[in-house]
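Coordinates as given in target_23.txt (compact mmCIF, C-alpha atoms):
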```txt
# COMPACT_ATOMS: atom_id res chain seq x y z
CA MET A 165 -19.95 -12.70 -1.52
CA ALA A 166 -16.39 -13.58 -2.55
CA THR A 167 -15.49 -13.20 -6.19
CA ASN A 168 -13.99 -16.21 -7.94
CA ALA A 169 -10.82 -15.27 -9.85
CA ASN A 170 -12.20 -17.00 -12.93
CA GLU A 171 -15.29 -14.77 -12.85
CA HIS A 172 -13.48 -11.46 -12.35
CA PRO A 173 -14.04 -9.12 -15.32
CA LEU A 174 -10.33 -8.25 -15.33
CA LYS A 175 -9.06 -11.77 -14.69
CA ASN A 176 -6.87 -11.66 -17.81
CA SER A 177 -5.29 -8.31 -17.01
CA ARG A 178 -1.52 -8.42 -16.84
CA PHE A 179 -1.54 -7.23 -13.24
CA LEU A 180 -4.03 -9.75 -11.84
CA LYS A 181 -2.42 -12.62 -13.74
CA ALA A 182 0.96 -11.74 -12.21
CA LEU A 183 -0.61 -11.58 -8.75
CA ARG A 184 -1.77 -15.16 -9.36
CA ARG A 185 1.75 -16.09 -10.52
CA GLU A 186 0.55 -16.84 -14.04
CA ALA A 187 2.57 -16.17 -17.18
CA VAL A 188 2.20 -12.66 -18.61
CA ASP A 189 3.20 -11.02 -21.88
CA ALA A 190 5.28 -8.42 -20.00
CA THR A 191 6.00 -7.57 -16.37
CA PRO A 192 3.22 -5.39 -14.96
CA VAL A 193 4.14 -1.98 -13.59
CA TRP A 194 2.54 0.35 -11.10
CA PHE A 195 4.05 2.72 -8.56
CA MET A 196 3.17 3.39 -4.98
CA ARG A 197 2.10 7.03 -4.62
CA GLN A 198 1.79 7.23 -8.41
CA ALA A 199 -0.89 9.91 -8.00
CA GLY A 200 0.75 12.76 -6.15
CA ARG A 201 2.80 15.91 -5.83
CA TYR A 202 5.31 15.15 -8.57
CA MET A 203 2.55 15.62 -11.18
CA PRO A 204 1.74 19.26 -12.08
CA GLU A 205 -1.92 18.43 -12.76
CA TYR A 206 -2.18 17.02 -9.24
CA ARG A 207 -0.67 20.14 -7.70
CA GLU A 208 -3.08 22.31 -9.66
CA LEU A 209 -6.10 20.33 -8.54
CA ARG A 210 -4.97 20.05 -4.94
CA SER A 211 -4.39 23.81 -4.69
CA LYS A 212 -8.17 24.15 -4.61
CA THR A 213 -8.73 22.16 -1.42
CA THR A 214 -7.17 20.45 1.58
CA MET A 215 -5.85 16.90 1.64
CA LEU A 216 -8.90 15.70 3.56
CA GLY A 217 -11.12 17.69 1.23
CA ALA A 218 -9.68 15.89 -1.77
CA ILE A 219 -9.99 12.47 -0.13
CA GLN A 220 -13.57 13.06 0.96
CA ASP A 221 -14.70 14.31 -2.47
CA PRO A 222 -15.34 11.17 -4.57
CA ASP A 223 -15.19 13.10 -7.84
CA MET A 224 -11.84 14.68 -6.99
CA ALA A 225 -10.42 11.43 -5.66
CA THR A 226 -11.52 9.77 -8.89
CA GLU A 227 -9.89 12.44 -11.03
CA ILE A 228 -6.61 12.29 -9.08
CA THR A 229 -6.52 8.49 -9.24
CA LEU A 230 -6.90 8.63 -13.01
CA GLN A 231 -4.21 11.27 -13.61
CA PRO A 232 -1.25 8.85 -13.76
CA ILE A 233 -3.35 6.25 -15.58
CA ASN A 234 -4.06 8.79 -18.32
CA ALA A 235 -0.45 9.99 -18.39
CA PHE A 236 1.54 6.73 -18.25
CA ASN A 237 1.40 3.14 -19.45
CA LEU A 238 0.58 1.60 -16.06
CA ASP A 239 -1.03 -1.76 -15.39
CA ALA A 240 -2.99 -0.85 -12.25
CA ALA A 241 -4.50 2.17 -10.55
CA ILE A 242 -4.40 2.75 -6.82
CA LEU A 243 -7.12 4.72 -5.12
CA PHE A 244 -6.15 8.27 -4.16
CA ASN A 245 -6.63 8.24 -0.40
CA ASP A 246 -4.59 7.96 2.77
CA ILE A 247 -4.23 5.28 5.42
CA LEU A 248 -5.40 7.54 8.27
CA PRO A 249 -9.04 8.61 7.61
CA PRO A 250 -10.43 5.47 9.31
CA LEU A 251 -9.12 6.97 12.56
CA MET A 252 -11.76 9.69 12.35
CA GLY A 253 -14.59 7.17 12.52
CA MET A 254 -13.01 5.76 15.66
CA GLY A 255 -13.17 9.15 17.38
CA LEU A 256 -9.77 10.67 16.63
CA SER A 257 -9.38 14.18 15.20
CA LEU A 258 -7.21 14.08 12.06
CA ASP A 259 -5.70 16.94 10.11
CA PHE A 260 -3.04 17.21 7.41
CA GLN A 261 -0.83 20.25 7.95
CA GLY A 262 1.40 21.65 5.22
CA GLY A 263 5.08 21.09 5.96
CA VAL A 264 4.19 18.87 8.93
CA GLY A 265 2.07 16.02 7.63
CA PRO A 266 -0.73 14.23 9.46
CA VAL A 267 -1.60 15.43 12.96
CA ILE A 268 -3.87 13.68 15.46
CA HIS A 269 -5.20 16.40 17.79
CA ASN A 270 -6.46 13.98 20.46
CA PRO A 271 -3.91 11.15 20.44
CA ILE A 272 -4.15 8.08 22.63
CA MET A 273 -2.60 9.04 25.96
CA SER A 274 -3.94 6.37 28.31
CA THR A 275 -5.63 3.01 28.49
CA ARG A 276 -8.93 4.85 28.94
CA ASP A 277 -8.38 6.46 25.55
CA VAL A 278 -7.97 3.00 24.05
CA ASP A 279 -11.30 1.92 25.48
CA ARG A 280 -13.06 5.03 24.18
CA LEU A 281 -12.22 4.21 20.57
CA ALA A 282 -15.26 3.16 18.56
CA THR A 283 -15.38 0.47 15.87
CA PRO A 284 -18.35 1.46 13.70
CA PRO A 285 -18.98 -0.26 10.35
CA THR A 286 -16.90 1.51 7.72
CA ARG A 287 -19.96 1.72 5.48
CA GLU A 288 -21.16 4.35 7.95
CA THR A 289 -17.89 6.31 8.20
CA MET A 290 -16.05 5.85 4.88
CA GLY A 291 -18.84 6.21 2.33
CA TYR A 292 -16.84 8.66 0.23
CA THR A 293 -14.15 6.00 -0.27
CA PHE A 294 -16.61 3.44 -1.55
CA LYS A 295 -18.27 5.99 -3.84
CA ALA A 296 -14.90 6.81 -5.38
CA ILE A 297 -14.11 3.12 -5.85
CA GLU A 298 -17.46 2.53 -7.56
CA GLN A 299 -16.83 5.44 -9.92
CA LEU A 300 -13.31 4.30 -10.67
CA ALA A 301 -14.30 0.69 -11.29
CA ALA A 302 -16.90 1.88 -13.78
CA GLU A 303 -14.23 3.95 -15.57
CA LEU A 304 -11.31 1.51 -15.37
CA THR A 305 -12.91 -1.87 -15.99
CA PRO A 306 -13.78 -1.13 -19.66
CA ARG A 307 -10.16 0.00 -20.08
CA GLY A 308 -8.88 -3.30 -18.66
CA ILE A 309 -7.16 -1.67 -15.68
CA PRO A 310 -7.59 -3.07 -12.16
CA LEU A 311 -8.01 -0.78 -9.15
CA ILE A 312 -6.10 -1.33 -5.92
CA GLY A 313 -7.77 -0.48 -2.62
CA PHE A 314 -5.70 -0.22 0.56
CA VAL A 315 -5.40 0.30 4.30
CA GLY A 316 -2.64 0.93 6.78
CA SER A 317 -1.73 -1.94 9.08
CA PRO A 318 -2.91 -2.17 12.70
CA PHE A 319 0.57 -1.31 13.98
CA THR A 320 1.11 1.65 11.67
CA LEU A 321 -2.29 3.16 12.48
CA ALA A 322 -1.73 2.55 16.18
CA SER A 323 1.61 4.35 15.93
CA TYR A 324 0.03 7.43 14.38
CA ALA A 325 -2.83 7.37 16.87
CA ILE A 326 -0.48 7.17 19.87
CA GLU A 327 2.31 9.47 18.67
CA GLY A 328 -0.12 12.06 17.28
CA GLY A 329 1.73 12.05 13.96
CA GLY A 330 4.97 10.74 12.53
CA SER A 331 7.82 9.67 14.81
CA LYS A 332 11.48 8.73 14.68
CA ASN A 333 11.70 6.40 17.65
CA TYR A 334 8.06 5.49 18.45
CA GLU A 335 8.75 5.97 22.14
CA ARG A 336 5.12 6.42 23.19
CA THR A 337 3.94 3.57 20.99
CA LYS A 338 6.49 1.13 22.35
CA GLY A 339 5.88 2.48 25.84
CA LEU A 340 2.21 1.47 25.69
CA MET A 341 3.09 -1.81 23.99
CA TYR A 342 5.59 -2.81 26.68
CA SER A 343 3.91 -1.39 29.79
CA GLU A 344 0.23 -2.10 29.04
CA PRO A 345 0.08 -5.35 27.06
CA ALA A 346 -3.63 -5.89 27.81
CA ALA A 347 -4.51 -2.39 26.55
CA TRP A 348 -2.26 -2.96 23.53
CA LYS A 349 -4.17 -6.13 22.72
CA ARG A 350 -7.49 -4.28 22.96
CA LEU A 351 -6.16 -1.50 20.72
CA MET A 352 -4.81 -3.83 18.05
CA THR A 353 -8.01 -5.87 18.11
CA LYS A 354 -10.02 -2.71 17.43
CA PHE A 355 -7.81 -1.89 14.45
CA GLU A 356 -8.11 -5.47 13.25
CA VAL A 357 -11.89 -5.17 13.24
CA ILE A 358 -11.99 -1.79 11.48
CA LEU A 359 -9.37 -2.63 8.85
CA SER A 360 -10.79 -6.07 8.03
CA ASP A 361 -14.19 -4.51 7.46
CA TYR A 362 -12.75 -1.62 5.46
CA LEU A 363 -10.85 -3.92 3.09
CA GLN A 364 -13.82 -6.20 2.53
CA GLU A 365 -16.05 -3.22 1.77
CA GLN A 366 -13.51 -1.83 -0.70
CA ALA A 367 -13.57 -5.15 -2.55
CA LYS A 368 -17.38 -5.09 -2.60
CA ALA A 369 -17.29 -1.57 -4.04
CA GLY A 370 -15.10 -2.72 -6.94
CA ALA A 371 -11.43 -2.88 -5.91
CA SER A 372 -9.67 -5.67 -7.83
CA ALA A 373 -6.82 -6.06 -5.34
CA LEU A 374 -6.08 -4.88 -1.81
CA GLN A 375 -2.82 -3.66 -0.30
CA ILE A 376 -1.87 -3.35 3.37
CA PHE A 377 0.77 -0.72 4.10
CA ASP A 378 2.82 -1.50 7.22
CA SER A 379 4.95 1.61 6.92
CA TRP A 380 6.48 1.54 10.40
CA ALA A 381 6.92 -2.19 11.05
CA GLY A 382 10.66 -1.77 10.52
CA ALA A 383 10.83 0.10 13.84
CA LEU A 384 10.31 -3.22 15.63
CA SER A 385 12.61 -6.10 16.41
CA PRO A 386 11.60 -9.43 14.85
CA SER A 387 10.60 -10.80 18.26
CA ASP A 388 8.44 -7.76 19.08
CA TYR A 389 6.86 -7.96 15.63
CA LEU A 390 5.89 -11.59 16.21
CA ARG A 391 4.58 -10.93 19.71
CA PHE A 392 2.79 -7.60 19.39
CA VAL A 393 1.89 -7.19 15.70
CA TYR A 394 1.88 -10.45 13.77
CA PRO A 395 -1.38 -12.00 15.09
CA TYR A 396 -3.49 -8.95 14.30
CA THR A 397 -1.99 -8.27 10.88
CA LYS A 398 -2.33 -11.92 9.94
CA ASN A 399 -6.01 -11.79 10.85
CA VAL A 400 -6.52 -8.68 8.72
CA ILE A 401 -4.86 -10.44 5.77
CA GLN A 402 -6.92 -13.58 6.20
CA ASN A 403 -10.16 -11.60 6.59
CA ALA A 404 -9.34 -9.55 3.48
CA LYS A 405 -8.74 -12.73 1.48
CA LYS A 406 -12.33 -13.76 2.19
CA SER A 407 -13.35 -11.01 -0.26
CA GLY A 408 -11.99 -13.13 -3.10
CA VAL A 409 -9.49 -10.57 -4.42
CA PRO A 410 -5.68 -10.78 -4.08
CA VAL A 411 -4.04 -9.22 -1.02
CA ILE A 412 -0.64 -7.50 -1.06
CA TYR A 413 1.31 -6.86 2.14
CA PHE A 414 4.00 -4.18 2.04
CA ALA A 415 6.38 -3.04 4.78
CA THR A 416 9.69 -1.19 4.83
CA GLY A 417 12.83 -2.00 6.79
CA THR A 418 11.67 -5.55 7.42
CA SER A 419 14.32 -7.61 5.61
CA THR A 420 15.00 -9.60 8.80
CA MET A 421 11.32 -10.57 9.09
CA LEU A 422 10.47 -11.82 5.61
CA PRO A 423 9.84 -15.48 6.51
CA GLN A 424 7.44 -14.39 9.27
CA ILE A 425 5.79 -11.87 6.95
CA ALA A 426 5.40 -14.52 4.27
CA SER A 427 3.78 -16.90 6.74
CA MET A 428 0.87 -14.47 7.28
CA GLY A 429 -0.46 -15.68 3.94
CA SER A 430 -0.79 -12.65 1.69
CA ASP A 431 -0.95 -13.43 -2.01
CA VAL A 432 1.84 -10.94 -2.71
CA VAL A 433 4.65 -9.55 -0.58
CA GLY A 434 5.99 -6.11 -1.41
CA VAL A 435 9.65 -5.55 -0.58
CA ASP A 436 11.81 -2.46 -0.35
CA TRP A 437 15.24 -1.91 -1.91
CA ARG A 438 17.31 -2.95 1.12
CA LEU A 439 17.45 -6.58 0.03
CA SER A 440 17.97 -8.00 -3.42
CA LEU A 441 14.80 -9.16 -5.10
CA ASN A 442 16.26 -12.62 -5.56
CA ASP A 443 17.19 -13.00 -1.89
CA ALA A 444 13.78 -11.70 -0.83
CA TRP A 445 11.92 -14.05 -3.14
CA ALA A 446 13.80 -17.05 -1.75
CA GLN A 447 12.27 -16.35 1.67
CA LEU A 448 8.64 -16.27 0.51
CA GLN A 449 6.15 -19.10 0.29
CA PRO A 450 6.20 -21.02 -3.04
CA GLU A 451 2.74 -19.73 -3.99
CA GLN A 452 3.46 -16.06 -3.27
CA ALA A 453 4.18 -13.34 -5.82
CA ILE A 454 6.57 -10.48 -5.12
CA GLN A 455 6.31 -6.74 -5.72
CA GLY A 456 9.21 -4.32 -5.95
CA ASN A 457 11.79 -3.16 -5.46
CA LEU A 458 13.59 -0.16 -7.04
CA ASP A 459 14.83 2.62 -4.74
CA PRO A 460 12.44 5.55 -5.41
CA LEU A 461 15.35 7.99 -5.40
CA LEU A 462 16.60 6.34 -8.59
CA LEU A 463 13.71 8.03 -10.41
CA LYS A 464 15.63 11.26 -9.85
CA ALA A 465 18.86 9.80 -11.23
CA PRO A 466 20.17 10.15 -14.81
CA TRP A 467 18.58 7.69 -17.21
CA ARG A 468 21.80 5.70 -17.62
CA GLU A 469 21.73 4.88 -13.90
CA LEU A 470 17.98 4.41 -13.70
CA SER A 471 17.96 1.98 -16.63
CA PHE A 472 21.01 0.12 -15.26
CA GLN A 473 19.34 -0.37 -11.87
CA THR A 474 16.06 -1.36 -13.51
CA ASP A 475 17.90 -4.00 -15.53
CA ARG A 476 19.37 -5.31 -12.26
CA VAL A 477 15.93 -5.73 -10.70
CA LEU A 478 14.58 -7.43 -13.82
CA GLN A 479 17.57 -9.75 -14.01
CA GLU A 480 16.99 -10.74 -10.39
CA ALA A 481 13.36 -11.51 -11.22
CA ALA A 482 14.68 -13.56 -14.17
CA GLY A 483 11.32 -13.71 -15.90
CA ARG A 484 9.78 -15.87 -13.17
CA PRO A 485 5.99 -15.65 -12.95
CA GLY A 486 4.69 -13.52 -10.12
CA HIS A 487 6.81 -10.36 -10.33
CA ILE A 488 5.10 -6.97 -10.22
CA PHE A 489 7.55 -4.14 -10.87
CA ASN A 490 7.28 -1.33 -8.36
CA LEU A 491 9.39 0.92 -6.19
CA GLY A 492 10.56 0.04 -2.71
CA HIS A 493 8.40 2.90 -1.44
CA GLY A 494 6.30 5.71 -2.91
CA ILE A 495 7.26 8.16 -5.66
CA LEU A 496 8.94 11.19 -4.09
CA PRO A 497 7.99 14.84 -4.66
CA GLY A 498 10.18 16.41 -7.31
CA THR A 499 10.48 13.20 -9.32
CA PRO A 500 10.70 14.03 -13.05
CA VAL A 501 7.47 13.05 -14.76
CA ASP A 502 9.38 12.00 -17.89
CA ASN A 503 11.34 9.44 -15.87
CA VAL A 504 8.13 7.84 -14.60
CA ALA A 505 6.74 7.54 -18.12
CA ARG A 506 10.01 6.28 -19.54
CA LEU A 507 10.50 3.69 -16.77
CA ALA A 508 7.04 2.17 -17.21
CA ASP A 509 7.58 1.79 -20.95
CA TYR A 510 11.10 0.46 -20.45
CA VAL A 511 10.00 -2.34 -18.10
CA HIS A 512 7.33 -3.45 -20.55
CA GLU A 513 9.73 -3.38 -23.49
CA LYS A 514 12.46 -5.27 -21.65
CA THR A 515 10.14 -8.06 -20.52
CA GLN A 516 7.92 -8.59 -23.53
CA SER A 517 6.79 -12.20 -23.95
CA GLY A 518 8.24 -12.97 -20.54
CA VAL A 519 11.82 -12.94 -21.80
CA LEU A 520 14.35 -10.19 -21.09
CA VAL A 521 15.43 -8.51 -24.32
```
Structure rendered as structure tokens:
Amino acid sequence: MATNANEHPLKNSRFLKALRREAVDATPVWFMRQAGRYMPEYRELRSKTTMLGAIQDPDMATEITLQPINAFNLDAAILFNDILPPLMGMGLSLDFQGGVGPVIHNPIMSTRDVDRLATPPTRETMGYTFKAIEQLAAELTPRGIPLIGFVGSPFTLASYAIEGGGSKNYERTKGLMYSEPAAWKRLMTKFEVILSDYLQEQAKAGASALQIFDSWAGALSPSDYLRFVYPYTKNVIQNAKKSGVPVIYFATGTSTMLPQIASMGSDVVGVDWRLSLNDAWAQLQPEQAIQGNLDPLLLKAPWRELSFQTDRVLQEAAGRPGHIFNLGHGILPGTPVDNVARLADYVHEKTQSGVLV
């Protein structure tokens, strides 16, 4: 059953209020990939297991999720997971290889492979995710910190499934898209079903907000995005909203598609650093909040530059309700931990009482 915002135990949290475009005492801050390799405690814990091992162990996933929450003054936690494990329940063999990244050992090579993909209920295939969310909600709710659940988008998951891993040009993905439009529709519909179910189940388990990562949408032209991707992603967003929690949509390299992205109806649109926050905001729907948009490489810059660029982002936001401070992508390995801590505190201090100081 959907949760009414007024009944949510964390309804007055800074993060959830900003997602609803309500006034807050300071701009909320969280960082994509805030639990990860830049933290020494993460590297120590991860040295004991594989990436999949960590994801599939609810206790370890819980501990990793909490590491940045315990270390920094952040306004939201995001579940330690990855966008790709749902592929395993569909019949694809996933592995994470050091120095390579994710590898699909039996990628989609034909239309027959598309038709072989299963769409089982995610309660049957992703139980470890929901267990971790339940544990985290029990830990975080008394602390007043919302938990973000997430998925990859239909297009991004399809790209990994077809390419067998990461890609520069997405030749095989676009090849299937252009040459077999009926098979492409069947494939995207299967991802729509799986991802809609997965998001709704994460909300039931205790996630306070949901984010959709469309990491590779920028590889498409605006017309191809509208024709081959938009309908399925929009349906995932609308199905996720039925859970009663806010939905964030985030893509990179999509500055030319923002009006179309906004029209899909997410509560929040995440933007990267390639467009000014002010220009991006002007292209959203009046009721939408915005998340972003500092270049993650700036976290490796000297503080004088990092603080200058942070001030620029905050000045573009101009204290308007509905801004969630974040990076334009995830925190990079090798990022100084002190810079992460200092940046979170700095954003709060600069925006106290909703007025830049």
* Considering all atoms listed in the file, return as a list in words whatever protein or nucleic-acid residues lie within 10 Å of Tyr389 in chain A, sequence-local ones (same chain, fewer than 6 positions apart) excluded. => Phe319, Ala381, Gly382, Ala383, Pro395, Thr418, Met421, Gln424 and Ile425 of chain A
Please produce a file of the residues just selected, as a compact mmCIF listing (two decimals), in the coordinates of the input, where the atoms kept are C-alpha atoms.
```
# COMPACT_ATOMS: atom_id res chain seq x y z
CA PHE A 319 0.57 -1.31 13.98
CA ALA A 381 6.92 -2.19 11.05
CA GLY A 382 10.66 -1.77 10.52
CA ALA A 383 10.83 0.10 13.84
CA PRO A 395 -1.38 -12.00 15.09
CA THR A 418 11.67 -5.55 7.42
CA MET A 421 11.32 -10.57 9.09
CA GLN A 424 7.44 -14.39 9.27
CA ILE A 425 5.79 -11.87 6.95
```
* Of the listed residues A:Asp189, A:Asp443, A:Asp378, A:Asp259, that which approaches Val400 in chain A most closely, counting only C-alpha atoms ->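 The answer is A:Asp378, which sits nearest to Val400 in chain A.
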* Pick from A:Asn270, A:Lys398, A:Ala367, A:Val193: nearest to Thr474 in chain A, with only C-alpha atoms counted? -> A:Val193
* **Shell around range 205-217 of chain A at 9 Å using all atoms listed in the file, local window under 3 positions removed, as a PyMOL selection string** => chain A and resi 199-202+220-221+224+228+231+245-246+249+258-261
* To do: Show which residues sit within 8 Å of Thr229 in chain A, as a ChimeraX atom specification. Count only C-alpha atoms, and ignore same-chain residues fewer than 2 positions away.
  => /A:199,225-227,231-233,241-244
* Would you work out the distance separating CA of Glu513 in chain A from CA of Ala190 in chain A, expressed in Å to one decimal? =>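 Separation between CA of Glu513 in chain A and CA of Ala190 in chain A: 7.6 Å.
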* Might you pull out every residue within 9 Å of range 304-306 of chain A, with all atoms listed in the file counted and same-chain residues fewer than 3 positions away left off, and present them as a PyMOL selection string? => chain A and resi 173-174+230+241+299-301+309-311
* In terms of the shortest atom-to-atom distance over only C-alpha atoms, which of A:Ser331, A:Gln375, A:Thr397, A:Ser274 is closest to Glu344 in chain A? -> A:Ser274
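Remark: for Val315 in chain A, the closest of the candidate residues A:Asp239, A:Glu365, A:Glu327, A:Glu469 is A:Glu365 (distances computed over all atoms listed in the file).
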* Which value, in Å to one decimal, gives the distance between CA of Ser471 in chain A and CA of Asn176 in chain A? -> 28.4 Å
* To do: Write out as a ChimeraX atom specification which residues come within 7 Å of Phe195 in chain A when counting all atoms listed in the file, dropping same-chain ones fewer than 4 positions away.
  => /A:490-491,494-495
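Distance annotation: of A:Asp459, A:Asp388, A:Asp361, A:Asp475, the residue with the minimal separation from Pro345 in chain A is A:Asp388; atom set is only C-alpha atoms.
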* From the set A:Ala240, A:Leu340, A:Ala325, A:Ser360, which residue has the shortest atom-to-atom contact distance to Thr286 in chain A, counting all atoms listed in the file? ->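 Closest to Thr286 in chain A of all the choices is A:Ser360.
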List every protein, DNA or RNA residue that has at least one atom no more than 9 Å from (13.1, -14.6, 3.5) in the file's coordinates, counting only C-alpha atoms, and write the result as a PDB file with C-alpha atoms, in the frame of the given file.
```pdb
ATOM      1  CA  SER A 419      14.320  -7.610   5.610  1.00  0.00           C
ATOM      2  CA  THR A 420      15.000  -9.600   8.800  1.00  0.00           C
ATOM      3  CA  MET A 421      11.320 -10.570   9.090  1.00  0.00           C
ATOM      4  CA  LEU A 422      10.470 -11.820   5.610  1.00  0.00           C
ATOM      5  CA  PRO A 423       9.840 -15.480   6.510  1.00  0.00           C
ATOM      6  CA  GLN A 424       7.440 -14.390   9.270  1.00  0.00           C
ATOM      7  CA  ILE A 425       5.790 -11.870   6.950  1.00  0.00           C
ATOM      8  CA  ALA A 426       5.400 -14.520   4.270  1.00  0.00           C
ATOM      9  CA  ASP A 443      17.190 -13.000  -1.890  1.00  0.00           C
ATOM     10  CA  ALA A 444      13.780 -11.700  -0.830  1.00  0.00           C
ATOM     11  CA  TRP A 445      11.920 -14.050  -3.140  1.00  0.00           C
ATOM     12  CA  ALA A 446      13.800 -17.050  -1.750  1.00  0.00           C
ATOM     13  CA  GLN A 447      12.270 -16.350   1.670  1.00  0.00           C
ATOM     14  CA  LEU A 448       8.640 -16.270   0.510  1.00  0.00           C
ATOM     15  CA  GLN A 449       6.150 -19.100   0.290  1.00  0.00           C
TER      16      GLN A 449
END
```
* Straight-line distance linking CA of Ile272 in chain A with CA of Ile326 in chain A, stated in Å to one decimal ->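 These atoms are spaced 4.7 Å apart.
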